[in-house]
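*Asks:* Below is the file my_file.txt, with compact mmCIF, C-alpha atoms.
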# COMPACT_ATOMS: atom_id res chain seq x y z
CA MET A 4 124.51 103.37 105.05
CA GLY A 5 125.93 99.85 104.87
CA PRO A 6 123.78 96.86 103.87
CA LYS A 7 123.91 95.36 107.37
CA VAL A 8 122.83 98.62 109.01
CA LYS A 9 120.06 98.95 106.41
CA LYS A 10 118.78 95.44 107.08
CA ALA A 11 118.88 95.97 110.85
CA LEU A 12 117.04 99.27 110.53
CA ARG A 13 114.43 97.66 108.28
CA LEU A 14 113.88 94.89 110.81
CA VAL A 15 113.54 97.30 113.73
CA LEU A 16 111.09 99.48 111.78
CA LEU A 17 109.14 96.45 110.55
CA ILE A 18 108.67 95.21 114.11
CA SER A 19 107.78 98.71 115.34
CA PHE A 20 105.18 99.31 112.63
CA ALA A 21 103.70 95.83 113.01
CA LEU A 22 103.40 96.48 116.74
CA MET A 23 101.68 99.79 116.05
CA VAL A 24 99.18 98.03 113.79
CA VAL A 25 98.46 95.43 116.47
CA LEU A 26 98.13 98.01 119.25
CA GLY A 27 96.01 100.27 117.06
CA ALA A 28 93.77 97.51 115.69
CA GLY A 29 90.95 98.83 117.87
CA ASP A 30 90.89 101.98 115.72
CA TYR A 31 89.78 99.98 112.68
CA ALA A 32 86.09 100.64 113.34
CA LEU A 33 86.78 104.36 113.83
CA LEU A 34 88.64 104.51 110.52
CA ARG A 35 85.88 102.62 108.79
CA ALA A 36 83.37 105.16 110.09
CA LEU A 37 85.49 107.91 108.51
CA VAL A 38 85.32 106.32 105.06
CA ARG A 39 82.68 108.02 102.91
CA PHE A 40 82.04 110.56 105.66
CA LEU A 41 81.99 113.92 103.94
CA CYS A 42 83.03 116.55 106.47
CA PRO A 43 80.81 119.52 105.47
CA SER A 44 83.11 122.26 106.64
CA CYS A 45 86.15 120.55 105.04
CA VAL A 46 84.83 120.74 101.49
CA GLY A 47 82.67 123.79 101.97
CA ILE A 48 79.23 122.29 101.67
CA ALA A 49 77.95 123.58 104.98
CA MET B 27 105.07 94.53 79.37
CA ARG B 28 106.85 97.88 79.32
CA LEU B 29 107.40 99.71 82.58
CA ARG B 30 105.24 102.60 81.37
CA SER B 31 102.30 100.28 80.69
CA LYS B 32 102.74 98.60 84.08
CA ARG B 33 102.71 101.99 85.80
CA LEU B 34 99.57 103.08 83.98
CA LEU B 35 97.89 99.78 84.85
CA ALA B 36 98.86 100.18 88.52
CA GLN B 37 97.52 103.75 88.59
CA VAL B 38 94.19 102.69 87.05
CA ALA B 39 93.94 99.71 89.43
CA ALA B 40 94.68 101.92 92.47
CA PHE B 41 92.05 104.43 91.42
CA ALA B 42 89.51 101.62 90.92
CA ALA B 43 90.39 100.07 94.29
CA CYS B 44 89.83 103.44 96.02
CA ASN B 45 86.34 103.67 94.53
CA MET B 46 84.94 100.30 95.52
CA GLY B 47 83.00 101.65 98.49
CA PHE B 48 79.65 101.14 96.78
CA MET B 49 79.78 97.57 98.09
CA ALA B 50 79.66 97.13 101.86
CA ALA B 51 82.16 94.27 101.62
CA THR B 52 84.83 96.49 100.09
CA GLU B 53 84.40 99.43 102.45
CA THR B 54 87.44 99.12 104.69
CA GLY B 55 88.91 100.79 107.73
CA LEU B 56 92.37 100.96 106.17
CA VAL B 57 94.36 103.89 104.83
CA VAL B 58 95.96 104.09 101.39
CA PRO B 59 99.64 105.08 101.10
CA PHE B 60 98.80 108.03 98.85
CA MET B 61 96.54 111.08 98.92
CA TYR B 62 92.90 110.30 98.32
CA CYS B 63 89.86 111.87 99.99
CA HIS B 64 87.72 109.49 102.05
CA GLY B 65 84.84 111.94 101.59
CA CYS B 66 84.51 110.62 98.03
CA PRO B 67 81.01 109.10 97.60
CA LEU B 68 82.56 105.81 96.47
CA ALA B 69 85.59 105.73 98.80
CA SER B 70 86.67 102.36 100.11
CA PHE B 71 89.74 103.52 102.07
CA ALA B 72 90.56 106.40 104.38
CA CYS B 73 92.88 109.26 103.42
CA PRO B 74 96.13 108.95 105.40
CA ILE B 75 96.44 112.68 106.10
CA GLY B 76 92.73 113.06 106.85
CA ALA B 77 92.81 110.08 109.23
CA LEU B 78 96.03 111.27 110.87
CA GLN B 79 94.47 114.67 111.56
CA HIS B 80 91.30 113.06 112.85
CA PHE B 81 93.19 111.12 115.52
CA LEU B 82 95.48 114.03 116.41
CA GLY B 83 92.43 116.31 116.66
CA GLU B 84 90.93 113.86 119.14
CA HIS B 85 94.27 113.91 121.01
CA ALA B 86 94.61 110.17 120.35
CA ALA B 87 97.70 108.37 119.06
CA PRO B 88 97.18 107.44 115.37
CA LEU B 89 98.76 104.02 115.89
CA LEU B 90 96.90 102.10 113.18
CA VAL B 91 97.38 104.87 110.61
CA MET B 92 101.11 105.25 111.29
CA GLY B 93 101.62 101.48 111.47
CA LEU B 94 99.91 100.85 108.13
CA LEU B 95 101.71 103.75 106.45
CA GLY B 96 105.04 102.69 107.91
CA LEU B 97 104.65 99.14 106.60
CA ALA B 98 103.62 100.40 103.15
CA PHE B 99 106.51 102.88 102.95
CA LEU B 100 108.98 100.31 104.20
CA VAL B 101 108.11 98.24 101.13
CA LEU B 102 107.41 100.94 98.55
CA GLY B 103 109.37 103.99 99.71
CA ARG B 104 107.88 106.91 97.82
CA GLY B 105 106.92 104.49 95.04
CA ALA B 106 103.22 104.74 95.91
CA CYS B 107 103.36 108.37 94.67
CA GLY B 108 104.88 107.28 91.37
CA TRP B 109 102.88 104.11 90.81
CA LEU B 110 99.54 104.40 92.62
CA CYS B 111 98.49 107.96 93.47
CA PRO B 112 95.48 109.06 91.36
CA PHE B 113 96.35 112.73 91.82
CA GLY B 114 99.90 111.98 90.67
CA ALA B 115 98.51 110.18 87.63
CA LEU B 116 96.35 113.21 86.84
CA GLN B 117 99.40 115.47 87.04
CA ASP B 118 101.30 113.09 84.73
CA ALA B 119 98.44 113.23 82.23
CA LEU B 120 98.28 117.04 82.35
CA ARG B 121 102.02 117.31 81.87
CA ALA B 122 101.90 114.89 78.93
CA LEU B 123 99.14 117.02 77.42
CA ALA B 124 101.15 120.23 77.78
CA ARG B 125 104.37 118.64 76.56
CA GLY B 126 102.92 117.31 73.35
CA LYS B 127 104.55 114.77 71.09
CA GLY B 128 108.17 114.43 70.13
CA PRO B 129 111.29 112.46 71.06
CA PRO B 130 112.06 112.33 74.79
CA SER B 131 115.35 114.17 74.25
CA ALA B 132 113.44 117.15 72.86
CA ARG B 133 111.15 117.43 75.88
CA PRO B 134 113.29 117.07 78.97
CA GLU B 135 111.38 116.79 82.24
CA GLY B 136 114.27 117.22 84.60
CA ARG B 137 116.00 120.57 84.98
CA LEU B 138 113.28 122.34 83.01
CA VAL B 139 114.76 125.65 84.00
CA GLN B 140 118.46 126.19 83.49
CA ASN B 141 118.47 129.51 85.30
CA ALA B 142 120.58 129.14 88.46
CA VAL B 143 118.40 131.45 90.56
CA LEU B 144 115.22 129.56 89.65
CA LEU B 145 116.93 126.23 90.29
CA LYS B 146 117.90 127.44 93.76
CA ALA B 147 114.33 128.68 94.34
CA ASP B 148 113.06 125.24 93.25
CA ARG B 149 115.39 123.52 95.72
CA ILE B 150 114.29 125.78 98.57
CA ALA B 151 110.58 125.49 97.68
CA ARG B 152 110.81 121.69 97.91
CA ASN B 153 111.23 122.08 101.67
CA ALA B 154 107.72 123.56 101.84
CA LYS B 155 106.17 120.08 102.05
CA PHE B 156 108.01 119.39 105.32
CA PHE B 157 106.80 122.72 106.70
CA ILE B 158 103.24 121.89 105.54
CA LEU B 159 103.43 118.48 107.23
CA ALA B 160 104.60 120.03 110.50
CA THR B 161 101.91 122.72 110.28
CA THR B 162 99.27 120.07 109.53
CA VAL B 163 100.21 118.03 112.60
CA ILE B 164 100.51 121.01 114.96
CA SER B 165 97.33 122.72 113.75
CA ALA B 166 95.30 119.49 113.89
CA ILE B 167 96.22 119.19 117.57
CA ALA B 168 95.76 122.90 118.28
CA PHE B 169 92.43 123.31 116.48
CA SER B 170 91.13 119.77 117.06
CA GLY B 171 90.22 119.48 113.40
CA PRO B 172 91.43 118.48 109.94
CA THR B 173 93.02 121.82 109.05
CA PHE B 174 94.78 120.54 105.92
CA CYS B 175 91.43 119.33 104.56
CA TRP B 176 90.12 122.91 104.70
CA PHE B 177 92.42 123.70 101.78
CA CYS B 178 93.04 120.31 100.18
CA PRO B 179 92.51 120.34 96.39
CA ILE B 180 92.32 116.54 96.36
CA GLY B 181 89.27 116.75 98.62
CA ALA B 182 87.71 119.18 96.16
CA LEU B 183 88.43 116.91 93.21
CA PHE B 184 87.37 113.58 94.69
CA ALA B 185 84.71 114.67 97.20
CA GLY B 186 83.49 118.26 96.80
CA ILE B 187 82.93 118.24 93.03
CA PRO B 188 81.29 114.76 92.95
CA TYR B 189 79.03 115.89 95.82
CA LYS B 190 77.97 118.98 93.89
CA LEU B 191 77.39 116.91 90.74
CA ALA B 192 75.25 114.44 92.68
CA ASN B 193 73.36 117.23 94.47
CA PRO B 194 73.05 120.13 92.00
CA SER B 195 70.75 122.08 94.31
CA ALA B 196 73.17 121.90 97.27
CA ARG B 197 74.17 125.26 98.73
CA LEU B 198 77.90 125.74 98.73
CA GLY B 199 79.89 128.06 100.95
CA LEU B 200 83.04 130.08 100.38
CA PRO B 201 85.35 127.17 101.41
CA PHE B 202 84.14 125.20 98.38
CA TYR B 203 85.29 127.95 96.04
CA ILE B 204 88.57 128.32 97.92
CA HIS B 205 89.09 124.60 97.32
CA LEU B 206 88.30 125.00 93.65
CA PHE B 207 90.71 127.92 93.33
CA ILE B 208 93.54 125.94 94.96
CA LEU B 209 92.72 122.92 92.77
CA ALA B 210 92.88 125.09 89.65
CA LEU B 211 96.22 126.57 90.76
CA VAL B 212 97.72 123.12 91.38
CA LEU B 213 96.45 121.69 88.10
CA ILE B 214 97.66 124.68 86.08
CA SER B 215 101.06 124.41 87.81
CA ALA B 216 101.20 120.73 86.84
CA LEU B 217 101.00 121.76 83.18
CA PHE B 218 104.28 123.63 83.47
CA ILE B 219 106.07 121.93 86.35
CA PRO B 220 105.89 118.12 86.32
CA ARG B 221 104.42 116.82 89.57
CA ALA B 222 104.26 120.32 91.08
CA TRP B 223 102.06 119.12 93.96
CA CYS B 224 104.44 116.25 94.79
CA ARG B 225 107.51 118.48 94.59
CA TYR B 226 106.38 121.31 96.80
CA ILE B 227 103.22 120.59 98.76
CA CYS B 228 102.28 116.96 99.45
CA PRO B 229 102.65 116.31 103.20
CA LEU B 230 102.47 112.56 102.62
CA GLY B 231 105.50 112.77 100.33
CA ALA B 232 107.34 114.39 103.23
CA ILE B 233 106.62 111.26 105.29
CA SER B 234 107.31 108.64 102.61
CA GLY B 235 110.36 110.28 101.01
CA PRO B 236 112.90 109.44 103.74
CA PHE B 237 111.91 105.73 103.43
CA ASN B 238 113.53 105.62 99.95
CA ARG B 239 116.89 104.90 101.58
CA ILE B 240 115.70 101.67 103.18
CA SER B 241 112.68 100.61 101.10
CA ILE B 242 112.48 97.11 99.66
CA VAL B 243 111.50 98.39 96.20
CA ARG B 244 114.43 100.39 94.90
CA ILE B 245 116.26 101.62 91.82
CA GLU B 246 119.85 100.50 91.47
CA LEU B 247 122.53 102.01 89.23
CA ASP B 248 125.16 99.80 87.59
CA GLU B 249 128.07 102.25 87.52
CA GLU B 250 130.07 100.13 85.09
CA ARG B 251 127.35 100.39 82.46
CA CYS B 252 126.56 104.08 83.06
CA ILE B 253 128.00 106.45 80.45
CA ALA B 254 126.76 109.55 82.31
CA CYS B 255 124.70 110.71 79.32
CA GLY B 256 122.08 112.28 81.60
CA ALA B 257 119.09 110.70 79.82
CA CYS B 258 117.75 109.50 83.19
CA LEU B 259 117.87 112.97 84.73
CA ARG B 260 116.22 114.53 81.69
CA ALA B 261 113.37 112.02 81.98
CA CYS B 262 112.85 112.58 85.72
CA PRO B 263 109.50 114.26 86.46
CA MET B 264 110.80 115.41 89.85
CA GLY B 265 113.78 117.20 88.29
CA LEU B 266 116.51 115.31 90.14
CA THR B 267 119.90 116.75 89.27
CA ALA B 268 122.36 114.08 90.45
CA LEU B 269 122.76 110.41 89.58
CA SER B 270 123.29 109.64 93.25
CA ASP B 271 119.78 110.97 94.01
CA ILE B 272 118.04 108.36 91.84
CA GLY B 273 116.23 105.91 94.10
CA ARG B 274 117.66 107.49 97.25
CA SER B 275 116.65 111.12 97.47
CA VAL B 276 113.44 112.00 99.33
CA GLU B 277 112.32 113.58 96.05
CA CYS B 278 112.54 110.35 94.00
CA LEU B 279 109.12 108.81 93.28
CA LEU B 280 110.65 105.49 92.16
CA CYS B 281 108.43 105.86 89.08
CA GLY B 282 111.01 104.22 86.85
CA ARG B 283 111.07 106.79 84.05
CA CYS B 284 114.85 106.95 84.45
CA VAL B 285 114.99 103.17 84.03
CA GLU B 286 113.01 103.43 80.78
CA ALA B 287 115.14 106.32 79.51
CA CYS B 288 118.56 104.74 80.13
CA PRO B 289 120.02 103.67 76.76
CA GLN B 290 122.59 101.42 78.45
CA GLY B 291 120.21 99.56 80.76
CA ALA B 292 122.32 100.76 83.67
CA LEU B 293 119.32 101.41 85.92
CA LYS B 294 117.10 98.66 87.26
CA MET B 295 114.04 98.51 89.48
CA GLU B 296 114.72 95.90 92.11
CA ILE B 297 113.14 94.24 95.10
CA ALA B 298 115.93 93.80 97.61
Rewrite the structure of this file - the entire thing - as structure tokens.
*Replies:*
Amino acid sequence: MGPKVKKALRLVLLISFALMVVLGAGDYALLRALVRFLCPSCVGIA
Amino acid sequence: MRLRSKRLLAQVAAFAACNMGFMAATETGLVVPFMYCHGCPLASFACPIGALQHFLGEHAAPLLVMGLLGLAFLVLGRGACGWLCPFGALQDALRALARGKGPPSARPEGRLVQNAVLLKADRIARNAKFFILATTVISAIAFSGPTFCWFCPIGALFAGIPYKLANPSARLGLPFYIHLFILALVLISALFIPRAWCRYICPLGAISGPFNRISIVRIELDEERCIACGACLRACPMGLTALSDIGRSVECLLCGRCVEACPQGALKMEIA
């Protein structure tokens, strides 16, 4: 992969991922609710 | 500061950052670019695989999770596994314990087994992590649940065991002991095979590995300085077998042990 192709690919991916973060920003609260939630069946404490 | 000390410092800092959830201000809705269970009583970040499965199980697009991971991997490649992952650090510590003391040349990490059949088996087994990733995604959608978490040893280590320690009278079911058994298997494997979990199983490594080719943090080889002594490959915990794989292969953790081992200074960690 040439350096120009690499840089172009990086830029495309950077824009795509940044866009995903912006579009998915509404999920922040959902993710925060997951933090420190211990799924009982997942770790076998049911 | 030596690269080894910097790596250790980064691993300790990452572990500390993951366990800051005891303060409301540091409890975030972000994912870390390495495996860490958000069921941990002190967790301050979400587990990327756990969060991914959660969204897929709800039949929702995991946009924020994939966006954050993509940005992190674009910068770090698989470097988060080598520099930040607490489970990776634990495997490093176990391997160091099993290896004992002695000059690096006497305790090669790469190509531990010279048997051709076992080397081929090792190469084939490395594909298991891609299969596990695919199975994780498909089963999370099919069963609407975090199927990987049902077996995850990292969940047992960082969430299940602390829960049991904090609640000694808690009744535990069979899944807890299945988790413990898998955790024991992985940790015992790590004594004999450096980074066994990262080599064969970690589904996050299967996502971050391909980013090594375009990541901003990278390892570069100065071919004019290289004398092809193989010191870098002997130091590699992932058992890379070709110079061309360093910094580029999906297996490379960008940990920098090859950089430390090179007597000619032909390898450099770069930000480019």
*Asks:* How many Å separate atom CA of Lys190 of chain B from atom CA of Ala39 of chain B?
*Replies:* 25.4 Å
*Asks:* Rounded to one decimal, what separation in Å do you get between atom CA of Gly114 of chain B and atom CA of Leu259 of chain B?
*Replies:* 19.0 Å
*Asks:* Find the distance between atom CA of Phe81 of chain B and atom CA of Asp30 of chain A and write it in Å to one decimal.
*Replies:*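 Interatomic distance here is 9.4 Å.
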*Asks:* Which polymer residues have any atom within 8 Å of an atom of segment 218-230 of chain B, counting only C-alpha atoms, with same-chain residues fewer than 2 positions away left out, as a PyMOL selection string?
*Replies:* chain B and resi 60-61+74-75+107+114+117-118+121+124+135+138+151-156+158-159+212+214-216+232-234+263-264+277
*Asks:* For chain A versus chain B, which residues have an atom no more than 7 Å away, and what is each residue's nearest atom pair and distance in Å rounded to one decimal, using all atoms listed in the file, chain-then-number order, as a tab-separated table?
*Replies:*
residue	atom	partner	partner_atom	distance
A:Lys9	CA	B:Ile240	CA	6.1
A:Arg13	CA	B:Ile240	CA	6.6
A:Leu17	CA	B:Leu97	CA	6.6
A:Phe20	CA	B:Gly93	CA	4.3
A:Ala21	CA	B:Gly93	CA	6.2
A:Met23	CA	B:Gly93	CA	4.9
A:Val24	CA	B:Leu90	CA	4.7
A:Leu26	CA	B:Leu89	CA	6.9
A:Gly27	CA	B:Leu90	CA	4.4
A:Ala28	CA	B:Leu90	CA	6.1
A:Asp30	CA	B:Leu90	CA	6.5
A:Tyr31	CA	B:Gly55	CA	5.1
A:Ala32	CA	B:Gly55	CA	6.3
A:Leu34	CA	B:Gly55	CA	4.7
A:Arg35	CA	B:Gly55	CA	3.7
A:Leu37	CA	B:Ala72	CA	6.7
A:Val38	CA	B:His64	CA	5.0
A:Arg39	CA	B:Gly65	CA	4.7
A:Phe40	CA	B:Gly65	CA	5.1
A:Leu41	CA	B:Gly65	CA	4.2
A:Cys42	CA	B:Gly65	CA	7.0
A:Cys45	CA	B:Trp176	CA	4.6
A:Val46	CA	B:Gly186	CA	5.5
A:Gly47	CA	B:Phe202	CA	4.1
A:Ile48	CA	B:Leu198	CA	4.7
A:Ala49	CA	B:Gly199	CA	6.3
*Asks:* Hey, can you spit out that residue selection with C-alpha atoms as a PDB file, in the coordinates of the input?
*Replies:*
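So result_38.pdb came out as:
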ATOM      1  CA  LYS A   9     120.060  98.950 106.410  1.00  0.00           C
ATOM      2  CA  ARG A  13     114.430  97.660 108.280  1.00  0.00           C
ATOM      3  CA  LEU A  17     109.140  96.450 110.550  1.00  0.00           C
ATOM      4  CA  PHE A  20     105.180  99.310 112.630  1.00  0.00           C
ATOM      5  CA  ALA A  21     103.700  95.830 113.010  1.00  0.00           C
ATOM      6  CA  MET A  23     101.680  99.790 116.050  1.00  0.00           C
ATOM      7  CA  VAL A  24      99.180  98.030 113.790  1.00  0.00           C
ATOM      8  CA  LEU A  26      98.130  98.010 119.250  1.00  0.00           C
ATOM      9  CA  GLY A  27      96.010 100.270 117.060  1.00  0.00           C
ATOM     10  CA  ALA A  28      93.770  97.510 115.690  1.00  0.00           C
ATOM     11  CA  ASP A  30      90.890 101.980 115.720  1.00  0.00           C
ATOM     12  CA  TYR A  31      89.780  99.980 112.680  1.00  0.00           C
ATOM     13  CA  ALA A  32      86.090 100.640 113.340  1.00  0.00           C
ATOM     14  CA  LEU A  34      88.640 104.510 110.520  1.00  0.00           C
ATOM     15  CA  ARG A  35      85.880 102.620 108.790  1.00  0.00           C
ATOM     16  CA  LEU A  37      85.490 107.910 108.510  1.00  0.00           C
ATOM     17  CA  VAL A  38      85.320 106.320 105.060  1.00  0.00           C
ATOM     18  CA  ARG A  39      82.680 108.020 102.910  1.00  0.00           C
ATOM     19  CA  PHE A  40      82.040 110.560 105.660  1.00  0.00           C
ATOM     20  CA  LEU A  41      81.990 113.920 103.940  1.00  0.00           C
ATOM     21  CA  CYS A  42      83.030 116.550 106.470  1.00  0.00           C
ATOM     22  CA  CYS A  45      86.150 120.550 105.040  1.00  0.00           C
ATOM     23  CA  VAL A  46      84.830 120.740 101.490  1.00  0.00           C
ATOM     24  CA  GLY A  47      82.670 123.790 101.970  1.00  0.00           C
ATOM     25  CA  ILE A  48      79.230 122.290 101.670  1.00  0.00           C
ATOM     26  CA  ALA A  49      77.950 123.580 104.980  1.00  0.00           C
TER      27      ALA A  49
END
*Asks:* Near Ile164 of chain B, within 10 Å and counting only C-alpha atoms, which residues show up once chain neighbours fewer than 4 positions away are dropped, as a PyMOL selection string?
*Replies:* chain B and resi 79+82-83+158-160+168-170+173
*Asks:* Please, what is the axis-aligned box for every listed atom of segment 6-23 of chain A with 8 Å on each side, as centre and edge lengths in Å to one decimal, as lines of an AutoDock Vina configuration file?
*Replies:*
center_x = 112.8
center_y = 97.3
center_z = 110.3
size_x = 38.2
size_y = 20.9
size_z = 28.9
*Asks:* Can you list, as a ChimeraX atom specification, every protein, DNA or RNA residue that comes within 12 Å of Val38 of chain B when you count all atoms listed in the file, leaving out same-chain residues fewer than 6 positions away?
*Replies:* /B:31-32,44-45,109-116
